[in-house]
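Shown below: structure-v4.cif, with mmCIF, C-alpha atoms and all ligand atoms.
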data_target
loop_
_atom_site.label_atom_id
_atom_site.label_comp_id
_atom_site.auth_asym_id
_atom_site.auth_seq_id
_atom_site.Cartn_x
_atom_site.Cartn_y
_atom_site.Cartn_z
CA MET G 1 10.28 14.41 -33.11
CA ARG G 2 11.81 11.29 -31.58
CA SER G 3 11.15 10.97 -27.84
CA ILE G 4 13.65 9.25 -25.58
CA TYR G 5 12.35 7.81 -22.32
CA LEU G 6 14.78 8.47 -19.44
CA ASP G 7 12.49 7.71 -16.49
CA HIS G 8 12.82 3.94 -16.15
CA SER G 9 13.42 4.25 -12.41
CA ALA G 10 9.90 5.70 -12.05
CA THR G 11 8.28 3.03 -14.20
CA THR G 12 9.51 0.69 -16.87
CA PRO G 13 7.96 -1.88 -19.25
CA VAL G 14 7.10 -5.06 -17.41
CA ASP G 15 9.61 -7.86 -18.01
CA PRO G 16 8.00 -10.32 -20.50
CA ARG G 17 8.74 -13.16 -18.01
CA VAL G 18 6.61 -11.32 -15.44
CA VAL G 19 3.80 -10.79 -17.97
CA GLU G 20 3.89 -14.50 -18.80
CA ALA G 21 3.86 -15.51 -15.14
CA MET G 22 0.95 -13.16 -14.40
CA LEU G 23 -1.30 -14.01 -17.37
CA PRO G 24 -3.09 -17.01 -15.75
CA TYR G 25 -4.28 -14.74 -12.93
CA PHE G 26 -6.24 -12.57 -15.39
CA SER G 27 -8.05 -15.40 -17.10
CA GLU G 28 -7.77 -18.77 -15.32
CA ILE G 29 -7.06 -18.24 -11.62
CA TYR G 30 -9.37 -15.32 -10.94
CA GLY G 31 -10.95 -16.25 -7.62
CA ASN G 32 -11.13 -13.84 -4.70
CA ALA G 33 -8.27 -14.94 -2.43
CA SER G 34 -10.50 -14.40 0.62
CA SER G 35 -13.18 -16.82 -0.64
CA SER G 36 -13.27 -20.32 0.79
CA HIS G 37 -14.23 -22.07 -2.47
CA VAL G 38 -11.68 -23.81 -4.69
CA PHE G 39 -11.22 -20.79 -6.99
CA GLY G 40 -10.46 -18.58 -3.99
CA ARG G 41 -8.07 -21.13 -2.49
CA GLN G 42 -6.10 -21.31 -5.77
CA ALA G 43 -5.68 -17.52 -5.75
CA GLU G 44 -4.76 -17.54 -2.06
CA SER G 45 -2.14 -20.20 -2.65
CA ALA G 46 -0.58 -18.09 -5.46
CA ILE G 47 -0.42 -15.07 -3.15
CA GLU G 48 1.24 -17.13 -0.42
CA ASP G 49 3.82 -18.43 -2.94
CA ALA G 50 4.53 -14.83 -3.96
CA ARG G 51 4.86 -13.82 -0.29
CA GLU G 52 7.45 -16.54 0.24
CA ALA G 53 9.39 -15.50 -2.88
CA VAL G 54 9.46 -11.84 -1.78
CA ALA G 55 10.55 -12.86 1.73
CA ARG G 56 13.48 -14.81 0.26
CA VAL G 57 14.60 -11.73 -1.70
CA LEU G 58 14.28 -9.43 1.32
CA GLY G 59 15.72 -11.83 3.89
CA CYS G 60 12.67 -11.75 6.15
CA LYS G 61 9.81 -14.08 7.19
CA PRO G 62 6.81 -14.51 4.84
CA SER G 63 4.54 -13.35 7.67
CA GLU G 64 6.40 -10.04 7.64
CA VAL G 65 5.48 -9.31 3.99
CA ILE G 66 2.35 -7.18 3.47
CA PHE G 67 1.18 -6.49 -0.10
CA THR G 68 -0.46 -3.11 -0.69
CA GLY G 69 -1.92 -1.37 -3.72
CA CYS G 70 0.88 1.19 -4.17
CA GLY G 71 3.91 2.88 -2.65
CA SER G 72 1.94 5.67 -0.99
CA GLU G 73 -0.31 3.14 0.74
CA SER G 74 2.76 1.26 2.03
CA ASP G 75 4.34 4.44 3.41
CA ASN G 76 1.08 5.40 5.11
CA LEU G 77 0.53 1.97 6.58
CA ALA G 78 4.08 1.75 7.91
CA VAL G 79 4.29 5.22 9.42
CA ARG G 80 0.74 5.49 10.79
CA GLY G 81 0.62 1.87 11.92
CA ALA G 82 3.89 2.03 13.85
CA ALA G 83 3.17 5.51 15.27
CA TRP G 84 -0.35 4.61 16.46
CA ALA G 85 0.70 1.23 17.88
CA ALA G 86 3.56 2.79 19.87
CA SER G 87 1.36 5.61 21.10
CA GLN G 88 -1.36 3.13 22.24
CA GLN G 89 1.29 1.18 24.14
CA GLY G 90 2.42 4.41 25.89
CA ARG G 91 5.88 4.27 24.32
CA GLY G 92 5.80 7.86 23.06
CA THR G 93 4.66 10.07 20.21
CA HIS G 94 7.85 11.56 18.77
CA LEU G 95 8.50 10.97 15.07
CA ILE G 96 11.61 11.76 13.01
CA THR G 97 11.80 12.35 9.30
CA SER G 98 13.77 14.44 6.82
CA PRO G 99 12.73 17.29 4.50
CA ILE G 100 13.54 15.23 1.38
CA GLU G 101 11.15 12.35 2.05
CA HIS G 102 8.46 11.47 -0.49
CA GLY G 103 5.18 13.29 0.17
CA ALA G 104 3.54 10.00 1.20
CA VAL G 105 5.80 10.08 4.28
CA GLY G 106 6.27 13.82 4.75
CA LYS G 107 2.57 14.66 4.54
CA THR G 108 1.60 11.68 6.71
CA VAL G 109 3.98 12.79 9.47
CA GLU G 110 2.74 16.38 9.07
CA GLN G 111 -0.85 15.23 9.50
CA LEU G 112 -0.04 13.07 12.51
CA ALA G 113 1.58 16.16 14.07
CA SER G 114 -1.04 18.74 13.16
CA LEU G 115 -4.20 16.69 13.73
CA GLN G 116 -3.34 13.87 16.08
CA GLY G 117 -1.01 15.28 18.71
CA PHE G 118 2.24 13.66 17.58
CA ASP G 119 5.51 15.56 17.91
CA ARG G 120 7.97 15.55 15.03
CA THR G 121 11.53 16.50 14.20
CA ILE G 122 12.42 17.16 10.57
CA LEU G 123 16.15 16.46 10.40
CA PRO G 124 18.23 18.85 8.33
CA VAL G 125 20.17 17.21 5.51
CA GLU G 126 23.64 17.97 4.17
CA PRO G 127 23.88 19.91 0.85
CA ASP G 128 24.01 16.58 -1.03
CA GLY G 129 20.90 15.31 0.76
CA THR G 130 22.67 13.04 3.25
CA VAL G 131 21.17 12.49 6.70
CA THR G 132 24.22 12.07 8.93
CA PRO G 133 24.24 9.45 11.71
CA GLU G 134 25.39 12.20 14.13
CA ALA G 135 22.37 14.41 13.37
CA PHE G 136 20.07 11.39 13.60
CA ARG G 137 21.53 10.23 16.93
CA ALA G 138 21.18 13.75 18.36
CA ALA G 139 17.50 13.92 17.31
CA CYS G 140 16.52 10.59 18.94
CA ARG G 141 14.67 11.02 22.24
CA PRO G 142 13.42 8.52 24.81
CA ASP G 143 9.89 9.03 23.42
CA THR G 144 10.90 8.61 19.75
CA THR G 145 8.98 5.71 18.26
CA VAL G 146 9.24 6.02 14.46
CA ALA G 147 12.01 7.41 12.24
CA SER G 148 11.31 7.32 8.53
CA ILE G 149 14.30 8.04 6.30
CA MET G 150 14.44 7.20 2.61
CA TYR G 151 17.13 4.73 1.50
CA ALA G 152 17.74 6.40 -1.88
CA ASN G 153 16.37 9.77 -2.93
CA ASN G 154 14.30 9.91 -6.12
CA GLU G 155 15.37 13.35 -7.18
CA VAL G 156 19.03 13.82 -6.28
CA GLY G 157 20.00 10.13 -6.11
CA THR G 158 21.58 10.33 -2.64
CA ILE G 159 21.98 6.94 -1.01
CA GLU G 160 21.66 7.41 2.74
CA PRO G 161 23.95 5.61 5.23
CA ILE G 162 20.99 3.38 5.94
CA ALA G 163 22.75 0.56 7.82
CA GLU G 164 24.20 3.02 10.34
CA LEU G 165 20.91 4.89 10.74
CA ALA G 166 19.02 1.60 11.16
CA ALA G 167 21.50 0.46 13.84
CA ILE G 168 20.97 3.67 15.84
CA ALA G 169 17.20 3.18 15.60
CA ARG G 170 17.39 -0.50 16.52
CA GLU G 171 19.47 0.17 19.66
CA ARG G 172 16.69 2.49 20.84
CA GLY G 173 13.70 0.33 19.83
CA ILE G 174 12.64 2.87 17.19
CA VAL G 175 10.67 1.52 14.22
CA PHE G 176 12.62 2.53 11.12
CA PRO G 177 10.51 2.31 7.95
CA THR G 178 12.89 2.89 5.07
CA LYS G 179 12.06 3.12 1.38
CA PRO G 180 14.33 2.31 -1.52
CA GLY G 181 12.16 4.64 -3.61
CA LYS G 182 12.48 4.52 -7.35
CA PRO G 183 16.09 3.20 -7.54
CA GLY G 184 15.06 0.34 -5.22
CA GLY G 185 15.57 -2.50 -7.67
CA ARG G 186 19.27 -1.80 -7.85
CA LEU G 187 20.03 -1.53 -4.11
CA ASP G 188 20.82 -4.13 -1.48
CA ARG G 189 17.51 -5.09 0.14
CA LYS G 190 18.37 -7.77 2.68
CA SER G 191 16.98 -6.74 6.06
CA THR G 192 19.51 -9.07 7.66
CA VAL G 193 22.41 -7.15 6.08
CA LEU G 194 21.09 -3.63 6.52
CA GLY G 195 19.32 -4.08 9.83
CA PHE G 196 16.17 -2.09 9.07
CA ASN G 197 12.94 -3.31 10.62
CA CYS G 198 10.46 -2.04 8.02
CA LEU G 199 10.89 -1.62 4.25
CA ASP G 200 8.40 -0.03 1.83
CA PHE G 201 9.32 -1.59 -1.49
CA LEU G 202 7.77 -0.41 -4.76
CA ALA G 203 7.22 -2.87 -7.60
C1 LIG G 301 9.25 6.44 -1.23
C2 LIG G 301 8.10 6.52 -2.17
N1 LIG G 301 6.85 6.42 -1.66
C3 LIG G 301 5.76 6.49 -2.48
C4 LIG G 301 5.91 6.66 -3.83
C5 LIG G 301 4.66 6.74 -4.67
O1 LIG G 301 4.34 5.50 -5.10
P1 LIG G 301 2.87 5.21 -5.74
O2 LIG G 301 2.78 6.10 -6.94
O3 LIG G 301 2.93 3.75 -6.06
O4 LIG G 301 1.85 5.55 -4.71
C6 LIG G 301 7.18 6.77 -4.40
C7 LIG G 301 7.34 6.96 -5.84
O5 LIG G 301 8.41 7.13 -6.34
C8 LIG G 301 8.31 6.69 -3.55
O6 LIG G 301 9.55 6.80 -4.04
#
What do you get writing this file as structure tokens?
Ligand SMILES: Cc1ncc(COP(=O)(O)O)c(C=O)c1O
Amino acid sequence: MRSIYLDHSATTPVDPRVVEAMLPYFSEIYGNASSSHVFGRQAESAIEDAREAVARVLGCKPSEVIFTGCGSESDNLAVRGAAWAASQQGRGTHLITSPIEHGAVGKTVEQLASLQGFDRTILPVEPDGTVTPEAFRAACRPDTTVASIMYANNEVGTIEPIAELAAIARERGIVFPTKPGKPGGRLDRKSTVLGFNCLDFLA
């Protein structure tokens, strides 16, 4: 039986240009980027070049780009990091998310609420999966510190009104980690255009 692969948004063959660009780092430039010797410095310099290239694509500063091992790690780092930092600064402990978030966000928020004393609102979504700006505005409280809403949903394909949601969050000083999810490569990603202040982007 002939199999047809229809899941390229989840993972797809690596572009041969990417394979070619990466090959030297498996065999020639293999130093530990944290080491101070010349091999380490070569690797570090390659990582810093990559950071600058990613920053250009996203419209942010290189110092704002953090590489992680996978999407789930990025979601965890963004949500936990922002929630803990805000709580330590006494800015509040209320988190907002939606029921259609990836488990890496949904379960993280659930754990922060059940084990670490955070309060959470799970925003209802419309039948097509949209989080409306009205519902989001109504859920924001003075002690809301993090609102994590996906940019594009993996399963139903809904593209959220992310610029409007990000503007509501920004006005209130709420950290808004958004995630393009699997369709990410085909969406606008410029933070300057969309106004989000945190993006978890999957390679
Ligand atoms: C928003 C989001 N977070 C996390 C993941 C999981 O990524 P990984 O398998 O790299 O941990 C996905 C996968 O589609 C995703 O869409």
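Computed from the coordinates, the CA of Gly173 (chain G) to atom C7 of ligand LIG 301 (chain G) distance equals 27.3 Å.
The coordinates place CA of Thr68 (chain G) at 16.0 Å from CA of Ala53 (chain G).
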- Task: Could you tell me how far CA of Thr11 (chain G) lies from CA of Phe26 (chain G), in Å and to one decimal?
- Result: 21.3 Å
- Message: Which residues are near ligand LIG 301 (chain G) - at most 7 Å, using all atoms listed in the file? Format: as an MDAnalysis selection string.
- Response: chainID G and resid 10 70:73 75 102 104 150 154 179:182 202
Let's have the selection written as a CSV table (one decimal), in the frame of the given file, with C-alpha atoms.
chain,number,residue,atom,x,y,z
G,10,ALA,CA,9.9,5.7,-12.0
G,70,CYS,CA,0.9,1.2,-4.2
G,71,GLY,CA,3.9,2.9,-2.6
G,72,SER,CA,1.9,5.7,-1.0
G,73,GLU,CA,-0.3,3.1,0.7
G,75,ASP,CA,4.3,4.4,3.4
G,102,HIS,CA,8.5,11.5,-0.5
G,104,ALA,CA,3.5,10.0,1.2
G,150,MET,CA,14.4,7.2,2.6
G,154,ASN,CA,14.3,9.9,-6.1
G,179,LYS,CA,12.1,3.1,1.4
G,180,PRO,CA,14.3,2.3,-1.5
G,181,GLY,CA,12.2,4.6,-3.6
G,182,LYS,CA,12.5,4.5,-7.4
G,202,LEU,CA,7.8,-0.4,-4.8
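In terms of minimum interatomic distance to Asp49 (chain G), G:Ser63 ranks closest within G:Ser36, G:Ser74, G:Ser63, G:Gln116, counting all atoms listed in the file.
Counting all atoms listed in the file, the residue from G:Thr144, G:Thr130, G:Ser45, G:Ser98 that sits nearest to Phe118 (chain G) is G:Thr144.
For Pro133 (chain G), the residues within 8 Å (counting only C-alpha atoms, excluding itself and residues fewer than 3 positions away along the chain) are Phe136, Arg137, Pro161, Glu164, Leu165 and Ile168 of chain G.
Among G:Ala147, G:Thr12, G:Gly90, G:Leu6, the residue with the shortest atom-to-atom distance to Ala78 (chain G), counting only C-alpha atoms, is G:Ala147.
Proximity to Ala86 (chain G) was assessed for G:Ala21, G:Asp143, G:Arg172, G:Thr121 counting all atoms listed in the file; the smallest distance is recorded for G:Asp143.
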- Item | Nearest candidate to Ala152 (chain G) (options G:Phe201, G:Ile4, G:Arg120, G:Gln88; using only C-alpha atoms) | G:Phe201
- Test item: residues at most 12 Å from Pro127 (chain G), all atoms listed in the file, excluding those fewer than 2 positions along its chain, as a ChimeraX atom specification: /G:100,124-125,129-132,156,158
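Closest approach to Asn32 (chain G) among G:Asp15, G:Ser87, G:Glu44, G:Pro62: G:Glu44, based on all atoms listed in the file.
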